[in-house]
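With CSV, N, CA and C atoms inside, this is work-v4.csv:
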```csv
chain,number,residue,atom,x,y,z
O,10,VAL,N,86.2,199.7,-68.5
O,10,VAL,CA,87.3,200.0,-69.4
O,10,VAL,C,86.9,201.1,-70.3
O,11,GLN,N,87.8,202.1,-70.4
O,11,GLN,CA,87.5,203.2,-71.3
O,11,GLN,C,88.1,202.9,-72.7
O,12,LEU,N,87.2,203.1,-73.7
O,12,LEU,CA,87.6,202.9,-75.0
O,12,LEU,C,87.7,204.2,-75.7
O,13,VAL,N,88.9,204.5,-76.3
O,13,VAL,CA,89.2,205.8,-76.9
O,13,VAL,C,89.2,205.6,-78.4
O,14,GLU,N,88.3,206.3,-79.1
O,14,GLU,CA,88.1,206.2,-80.6
O,14,GLU,C,88.7,207.5,-81.2
O,15,SER,N,89.2,207.3,-82.5
O,15,SER,CA,89.6,208.4,-83.3
O,15,SER,C,89.5,208.0,-84.7
O,16,GLY,N,89.6,209.1,-85.6
O,16,GLY,CA,89.6,208.8,-87.0
O,16,GLY,C,88.3,209.2,-87.8
O,17,GLY,N,87.3,209.7,-87.1
O,17,GLY,CA,86.1,210.1,-87.8
O,17,GLY,C,86.3,211.4,-88.5
O,18,GLY,N,85.3,211.8,-89.3
O,18,GLY,CA,85.4,213.1,-90.0
O,18,GLY,C,84.4,213.2,-91.1
O,19,LEU,N,84.7,214.2,-91.9
O,19,LEU,CA,83.8,214.5,-93.1
O,19,LEU,C,84.6,214.1,-94.4
O,20,VAL,N,83.9,213.3,-95.2
O,20,VAL,CA,84.5,212.8,-96.4
O,20,VAL,C,83.5,212.8,-97.5
O,21,GLN,N,83.9,212.9,-98.8
O,21,GLN,CA,83.0,212.8,-99.9
O,21,GLN,C,82.7,211.4,-100.2
O,22,ALA,N,81.5,211.2,-100.8
O,22,ALA,CA,81.2,209.8,-101.2
O,22,ALA,C,82.3,209.2,-102.1
O,23,GLY,N,82.6,208.0,-101.9
O,23,GLY,CA,83.7,207.3,-102.6
O,23,GLY,C,85.0,207.4,-101.9
O,24,GLY,N,85.1,208.2,-100.8
O,24,GLY,CA,86.3,208.4,-100.1
O,24,GLY,C,86.5,207.3,-99.0
O,25,SER,N,87.6,207.5,-98.3
O,25,SER,CA,88.0,206.5,-97.2
O,25,SER,C,88.2,207.2,-95.9
O,26,LEU,N,88.0,206.4,-94.8
O,26,LEU,CA,88.4,206.8,-93.5
O,26,LEU,C,88.9,205.6,-92.7
O,27,ARG,N,89.7,205.8,-91.7
O,27,ARG,CA,90.2,204.7,-90.9
O,27,ARG,C,89.9,205.1,-89.4
O,28,LEU,N,89.1,204.3,-88.8
O,28,LEU,CA,88.8,204.5,-87.4
O,28,LEU,C,89.7,203.6,-86.5
O,29,SER,N,90.1,204.2,-85.4
O,29,SER,CA,90.9,203.4,-84.4
O,29,SER,C,90.3,203.4,-83.1
O,30,CYS,N,90.5,202.4,-82.3
O,30,CYS,CA,90.0,202.3,-80.9
O,30,CYS,C,91.0,201.6,-80.1
O,31,THR,N,91.3,202.2,-78.9
O,31,THR,CA,92.2,201.6,-78.0
O,31,THR,C,91.6,201.6,-76.6
O,32,ALA,N,91.8,200.4,-76.0
O,32,ALA,CA,91.4,200.3,-74.6
O,32,ALA,C,92.4,201.0,-73.7
O,33,SER,N,92.0,201.7,-72.7
O,33,SER,CA,92.8,202.5,-71.9
O,33,SER,C,93.6,201.8,-70.8
O,34,GLU,N,93.2,200.5,-70.6
O,34,GLU,CA,93.9,199.7,-69.6
O,34,GLU,C,93.9,198.2,-70.1
O,35,PRO,N,94.8,197.4,-69.4
O,35,PRO,CA,94.8,196.0,-69.9
O,35,PRO,C,93.5,195.3,-69.8
O,36,ILE,N,93.2,194.5,-70.8
O,36,ILE,CA,92.0,193.8,-70.8
O,36,ILE,C,92.3,192.3,-71.1
O,37,PRO,N,91.3,191.4,-70.7
O,37,PRO,CA,91.6,190.0,-71.0
O,37,PRO,C,91.9,189.7,-72.4
O,38,SER,N,92.8,188.8,-72.7
O,38,SER,CA,93.2,188.5,-74.0
O,38,SER,C,92.1,187.9,-74.8
O,39,MET,N,91.2,187.2,-74.1
O,39,MET,CA,90.1,186.6,-74.8
O,39,MET,C,89.0,187.6,-74.9
O,40,ASN,N,88.8,188.3,-76.0
O,40,ASN,CA,87.8,189.3,-76.1
O,40,ASN,C,87.4,189.4,-77.6
O,41,VAL,N,86.3,190.1,-77.8
O,41,VAL,CA,85.9,190.5,-79.1
O,41,VAL,C,85.7,192.0,-79.1
O,42,MET,N,86.2,192.7,-80.1
O,42,MET,CA,86.1,194.1,-80.3
O,42,MET,C,85.4,194.4,-81.6
O,43,GLY,N,84.8,195.5,-81.7
O,43,GLY,CA,84.1,195.8,-83.0
O,43,GLY,C,83.6,197.2,-83.0
O,44,TRP,N,82.8,197.4,-84.0
O,44,TRP,CA,82.2,198.8,-84.3
O,44,TRP,C,80.7,198.6,-84.5
O,45,TYR,N,80.0,199.6,-83.9
O,45,TYR,CA,78.5,199.7,-84.2
O,45,TYR,C,78.4,201.2,-84.7
O,46,ARG,N,77.3,201.5,-85.3
O,46,ARG,CA,77.0,202.8,-85.7
O,46,ARG,C,75.5,203.2,-85.5
O,47,GLN,N,75.3,204.5,-85.4
O,47,GLN,CA,73.9,204.9,-85.2
O,47,GLN,C,73.7,206.2,-86.0
O,48,ALA,N,72.8,206.1,-87.0
O,48,ALA,CA,72.4,207.2,-87.8
O,48,ALA,C,71.3,208.0,-87.1
O,49,PRO,N,71.1,209.2,-87.4
O,49,PRO,CA,70.1,210.1,-86.8
O,49,PRO,C,68.7,209.4,-87.0
O,50,GLY,N,68.0,209.3,-85.9
O,50,GLY,CA,66.6,208.7,-85.9
O,50,GLY,C,66.6,207.2,-86.1
O,51,LYS,N,67.7,206.5,-86.1
O,51,LYS,CA,67.7,205.1,-86.2
O,51,LYS,C,68.4,204.4,-85.0
O,52,GLN,N,68.2,203.1,-84.9
O,52,GLN,CA,68.8,202.3,-83.8
O,52,GLN,C,70.2,202.1,-84.1
O,53,ARG,N,71.0,201.8,-83.1
O,53,ARG,CA,72.4,201.5,-83.2
O,53,ARG,C,72.4,200.1,-83.9
O,54,GLU,N,73.3,199.9,-84.9
O,54,GLU,CA,73.4,198.7,-85.6
O,54,GLU,C,74.9,198.2,-85.7
O,55,LEU,N,75.1,196.9,-85.8
O,55,LEU,CA,76.4,196.3,-85.9
O,55,LEU,C,77.0,196.7,-87.2
O,56,VAL,N,78.3,197.0,-87.2
O,56,VAL,CA,79.0,197.2,-88.4
O,56,VAL,C,80.0,196.0,-88.7
O,57,ALA,N,80.8,195.8,-87.7
O,57,ALA,CA,81.8,194.7,-87.8
O,57,ALA,C,82.3,194.3,-86.4
O,58,THR,N,82.6,193.0,-86.2
O,58,THR,CA,83.3,192.6,-85.0
O,58,THR,C,84.4,191.6,-85.4
O,59,VAL,N,85.4,191.4,-84.5
O,59,VAL,CA,86.4,190.5,-84.7
O,59,VAL,C,87.0,190.1,-83.4
O,60,ALA,N,87.4,188.8,-83.3
O,60,ALA,CA,88.1,188.3,-82.0
O,60,ALA,C,89.5,188.8,-81.9
O,61,ALA,N,90.1,188.7,-80.8
O,61,ALA,CA,91.4,189.2,-80.5
O,61,ALA,C,92.4,188.6,-81.5
O,62,SER,N,92.2,187.3,-81.9
O,62,SER,CA,93.1,186.6,-82.8
O,62,SER,C,93.1,187.2,-84.2
O,63,GLY,N,92.0,188.0,-84.5
O,63,GLY,CA,91.9,188.5,-85.8
O,63,GLY,C,91.1,187.6,-86.8
O,64,ASP,N,90.8,186.4,-86.3
O,64,ASP,CA,90.2,185.4,-87.1
O,64,ASP,C,88.7,185.7,-87.2
O,65,SER,N,88.1,185.2,-88.3
O,65,SER,CA,86.6,185.2,-88.4
O,65,SER,C,85.9,186.5,-88.2
O,66,PRO,N,86.3,187.5,-88.9
O,66,PRO,CA,85.6,188.8,-88.7
O,66,PRO,C,84.1,188.7,-89.2
O,67,ASN,N,83.3,189.5,-88.6
O,67,ASN,CA,81.9,189.5,-88.9
O,67,ASN,C,81.5,190.8,-89.4
O,68,TYR,N,80.8,190.9,-90.5
O,68,TYR,CA,80.4,192.2,-91.1
O,68,TYR,C,78.9,192.3,-91.3
O,69,ALA,N,78.4,193.5,-91.2
O,69,ALA,CA,77.0,193.7,-91.7
O,69,ALA,C,77.0,193.6,-93.2
O,70,ASP,N,75.9,193.1,-93.8
O,70,ASP,CA,75.8,193.0,-95.2
O,70,ASP,C,76.1,194.3,-95.9
O,71,SER,N,75.6,195.4,-95.3
O,71,SER,CA,75.7,196.7,-96.0
O,71,SER,C,77.2,197.2,-96.2
O,72,VAL,N,78.1,196.6,-95.4
O,72,VAL,CA,79.5,197.1,-95.5
O,72,VAL,C,80.5,196.0,-96.1
O,73,LYS,N,80.0,194.8,-96.3
O,73,LYS,CA,80.9,193.8,-96.8
O,73,LYS,C,81.5,194.2,-98.2
O,74,GLY,N,82.8,193.9,-98.3
O,74,GLY,CA,83.5,194.3,-99.5
O,74,GLY,C,84.0,195.8,-99.5
O,75,ARG,N,83.6,196.6,-98.6
O,75,ARG,CA,84.0,198.0,-98.5
O,75,ARG,C,84.8,198.3,-97.2
O,76,PHE,N,84.4,197.6,-96.1
O,76,PHE,CA,85.0,197.9,-94.8
O,76,PHE,C,85.8,196.7,-94.4
O,77,THR,N,86.9,197.0,-93.7
O,77,THR,CA,87.8,195.9,-93.2
O,77,THR,C,88.1,196.2,-91.7
O,78,ILE,N,87.8,195.2,-90.9
O,78,ILE,CA,88.1,195.3,-89.5
O,78,ILE,C,89.4,194.5,-89.2
O,79,SER,N,90.3,195.1,-88.3
O,79,SER,CA,91.5,194.4,-88.0
O,79,SER,C,92.0,194.7,-86.6
O,80,ARG,N,92.8,193.8,-86.1
O,80,ARG,CA,93.4,193.9,-84.8
O,80,ARG,C,94.9,193.9,-84.9
O,81,GLU,N,95.6,194.8,-84.2
O,81,GLU,CA,97.0,194.7,-84.1
O,81,GLU,C,97.5,194.2,-82.7
O,82,SER,N,96.5,194.2,-81.8
O,82,SER,CA,96.8,193.7,-80.5
O,82,SER,C,95.5,193.3,-79.8
O,83,ALA,N,95.6,192.8,-78.6
O,83,ALA,CA,94.4,192.4,-77.9
O,83,ALA,C,93.6,193.6,-77.4
O,84,TYR,N,94.2,194.8,-77.4
O,84,TYR,CA,93.5,196.0,-76.9
O,84,TYR,C,93.2,197.1,-77.9
O,85,MET,N,93.5,196.8,-79.2
O,85,MET,CA,93.2,197.8,-80.3
O,85,MET,C,92.5,197.2,-81.4
O,86,VAL,N,91.6,198.0,-82.0
O,86,VAL,CA,90.9,197.6,-83.2
O,86,VAL,C,90.8,198.7,-84.2
O,87,TYR,N,90.8,198.4,-85.5
O,87,TYR,CA,90.7,199.4,-86.5
O,87,TYR,C,89.6,199.0,-87.5
O,88,LEU,N,89.1,200.1,-88.1
O,88,LEU,CA,88.1,199.9,-89.1
O,88,LEU,C,88.5,200.7,-90.4
O,89,GLN,N,88.9,200.1,-91.4
O,89,GLN,CA,89.2,200.7,-92.7
O,89,GLN,C,87.9,200.8,-93.5
O,90,MET,N,87.5,202.0,-93.8
O,90,MET,CA,86.2,202.2,-94.5
O,90,MET,C,86.6,202.8,-95.9
O,91,ASN,N,86.3,202.0,-96.9
O,91,ASN,CA,86.5,202.5,-98.3
O,91,ASN,C,85.2,202.6,-99.1
O,92,SER,N,85.2,203.3,-100.2
O,92,SER,CA,84.0,203.5,-101.0
O,92,SER,C,82.8,203.9,-100.1
O,93,LEU,N,83.0,204.9,-99.3
O,93,LEU,CA,82.0,205.4,-98.4
O,93,LEU,C,80.8,206.0,-99.2
O,94,LYS,N,79.6,205.7,-98.6
O,94,LYS,CA,78.4,206.2,-99.1
O,94,LYS,C,77.7,207.1,-98.1
O,95,PRO,N,76.8,208.0,-98.6
O,95,PRO,CA,76.1,208.9,-97.7
O,95,PRO,C,75.4,208.1,-96.6
O,96,GLU,N,74.9,206.9,-96.9
O,96,GLU,CA,74.2,206.1,-95.9
O,96,GLU,C,75.1,205.5,-94.8
O,97,ASP,N,76.4,205.7,-95.0
O,97,ASP,CA,77.3,205.3,-93.9
O,97,ASP,C,77.4,206.4,-92.8
O,98,THR,N,76.8,207.5,-93.1
O,98,THR,CA,76.9,208.6,-92.1
O,98,THR,C,76.3,208.2,-90.8
O,99,GLY,N,77.0,208.5,-89.7
O,99,GLY,CA,76.5,208.2,-88.3
O,99,GLY,C,77.5,208.4,-87.3
O,100,VAL,N,77.2,208.1,-86.1
O,100,VAL,CA,78.2,208.0,-85.0
O,100,VAL,C,78.6,206.6,-84.9
O,101,TYR,N,79.9,206.4,-84.9
O,101,TYR,CA,80.5,205.1,-84.9
O,101,TYR,C,81.0,204.8,-83.4
O,102,TYR,N,80.6,203.7,-82.9
O,102,TYR,CA,81.0,203.4,-81.5
O,102,TYR,C,81.9,202.1,-81.4
O,103,CYS,N,82.9,202.2,-80.7
O,103,CYS,CA,83.8,201.1,-80.5
O,103,CYS,C,83.1,200.2,-79.4
O,104,TRP,N,83.3,198.9,-79.4
O,104,TRP,CA,82.6,198.0,-78.5
O,104,TRP,C,83.6,196.9,-78.1
O,105,LEU,N,83.5,196.5,-76.8
O,105,LEU,CA,84.4,195.5,-76.3
O,105,LEU,C,83.6,194.5,-75.5
O,106,LYS,N,83.8,193.3,-75.8
O,106,LYS,CA,83.1,192.2,-75.0
O,106,LYS,C,84.1,191.2,-74.5
O,107,THR,N,84.1,191.0,-73.2
O,107,THR,CA,85.0,190.0,-72.6
O,107,THR,C,84.1,188.9,-71.9
O,108,LEU,N,84.8,188.0,-71.2
O,108,LEU,CA,84.0,187.0,-70.5
O,108,LEU,C,83.4,187.5,-69.2
O,109,THR,N,83.9,188.7,-68.8
O,109,THR,CA,83.5,189.2,-67.5
O,109,THR,C,82.7,190.5,-67.6
O,110,ASN,N,82.3,191.0,-68.8
O,110,ASN,CA,81.5,192.2,-68.9
O,110,ASN,C,80.3,192.0,-69.8
O,111,PHE,N,79.4,192.9,-69.7
O,111,PHE,CA,78.2,192.8,-70.6
O,111,PHE,C,78.4,193.6,-71.9
O,112,GLY,N,79.6,194.2,-72.0
O,112,GLY,CA,79.9,195.0,-73.2
O,112,GLY,C,80.2,196.4,-72.8
O,113,ASP,N,81.4,196.9,-73.2
O,113,ASP,CA,81.7,198.3,-72.9
O,113,ASP,C,81.7,199.1,-74.2
O,114,TRP,N,81.4,200.4,-74.1
O,114,TRP,CA,81.2,201.2,-75.3
O,114,TRP,C,82.1,202.4,-75.2
O,115,GLY,N,82.6,202.9,-76.4
O,115,GLY,CA,83.3,204.1,-76.5
O,115,GLY,C,82.3,205.3,-76.5
O,116,GLN,N,82.8,206.5,-76.6
O,116,GLN,CA,81.9,207.6,-76.6
O,116,GLN,C,81.4,208.0,-78.0
O,117,GLY,N,82.0,207.4,-79.0
O,117,GLY,CA,81.6,207.6,-80.4
O,117,GLY,C,82.4,208.6,-81.1
O,118,THR,N,82.5,208.4,-82.4
O,118,THR,CA,83.1,209.3,-83.3
O,118,THR,C,82.2,209.5,-84.5
O,119,GLN,N,82.1,210.8,-84.9
O,119,GLN,CA,81.2,211.1,-86.0
O,119,GLN,C,81.8,210.9,-87.4
O,120,VAL,N,81.1,210.2,-88.2
O,120,VAL,CA,81.5,210.0,-89.6
O,120,VAL,C,80.4,210.6,-90.5
O,121,THR,N,80.7,211.5,-91.3
O,121,THR,CA,79.8,212.2,-92.2
O,121,THR,C,80.3,212.0,-93.7
O,122,VAL,N,79.4,211.5,-94.5
O,122,VAL,CA,79.8,211.2,-95.9
O,122,VAL,C,78.8,212.1,-96.8
O,123,SER,N,79.4,213.0,-97.5
O,123,SER,CA,78.6,214.0,-98.3
O,123,SER,C,78.5,213.4,-99.7
O,124,SER,N,77.3,213.7,-100.3
O,124,SER,CA,77.1,213.2,-101.7
O,124,SER,C,77.6,214.1,-102.7
```
Would you encode the structure as structure tokens?
Amino acid sequence: VQLVESGGGLVQAGGSLRLSCTASEPIPSMNVMGWYRQAPGKQRELVATVAASGDSPNYADSVKGRFTISRESAYMVYLQMNSLKPEDTGVYYCWLKTLTNFGDWGQGTQVTVSS
């Protein structure tokens, strides 16, 4: 499944961005979608995930209270990022997990937060 991301960019500290991710083809309704990020020289880390129902979102401690993950459908996921900090800079990857895959990844979108 191809995952198409959009919404990255350059923003000043304290600003906001909204990331979007859409699956390019129908996917099983039972799925989890989310976002990971990778900063230069660091390992990829979880940012947030949520089931297709939108219930029980999961957040990294570093983004709790600032980021909100949401679903509008079984094949789209959004990440609203507020109060951005320079340490939020990185490539953000959309992720999809179903019962029949090991996890699909998008190509990534760059988020840069200037101080």
Next on the checklist: Please compute the atom CA of O:Leu55-atom CA of O:Asn67 distance, one decimal, in Å.
Outcome noted: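 Calculated distance between atom CA of O:Leu55 and atom CA of O:Asn67 is 9.2 Å.
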Checklist entry - Using all atoms listed in the file, which residue out of O:Tyr68, O:Tyr87, O:Tyr45, O:Phe76 lies closest to O:Cys30? => result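 With all atoms listed in the file as the atom set, the closest residue is O:Tyr87.
Closest approach to O:Asp97 among O:Ala61, O:Ile36, O:Val41, O:Val120 is made by O:Val120 (distances from all atoms listed in the file).
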Checklist entry - Smallest atom-to-atom distance to O:Gly24: which of O:Ser65, O:Ser38, O:Ser123, O:Asn91, using all atoms listed in the file? => result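 The answer is O:Asn91, which sits nearest to O:Gly24.
Between atom N of O:Arg53 and atom C of O:Thr118 the interatomic distance comes to 13.7 Å.
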Next on the checklist: Which residue is closest to O:Ile78? Choose from O:Gly23, O:Pro37, O:Gly18, O:Gly43 and count only C-alpha atoms.
Outcome noted: O:Gly43
Next on the checklist: Just list as a VMD selection string whatever in stretch 62-112 of chain O DSSP marks as strand (DSSP E or B).
Outcome noted: chain O and resid 67 to 68 76 to 82 85 to 90 99 to 107
Checklist outcome for this item: note - atom CA of O:Ala69 and atom CA of O:Ala57 are separated by 6.3 Å
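For the set O:Gln47, O:Thr121, O:Gln89, O:Gln116, the residue with the smallest atom-to-atom gap to O:Cys103 is O:Gln116, counting only N, CA and C atoms.
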Item to check | Exercise: O:Val13 partners within 6 Å, all atoms listed in the file, chain neighbours under 2 positions left out, as a ChimeraX atom specification | outcome: /O:11,15,29-33,115
Next on the checklist: Applying 8 Å and only N, CA and C atoms, which residues near O:Pro49 remain after dropping the ones on its own chain fewer than 2 positions away? List them as a list in words.
Outcome noted: Arg46, Gln47, Lys51, Gln52, Thr98, Gly99 and Val100 of chain O
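Each of O:Arg27, O:Ala22, O:Leu12, O:Met42 was compared to O:Leu105 using all atoms listed in the file, and O:Met42 turns out to be the nearest.
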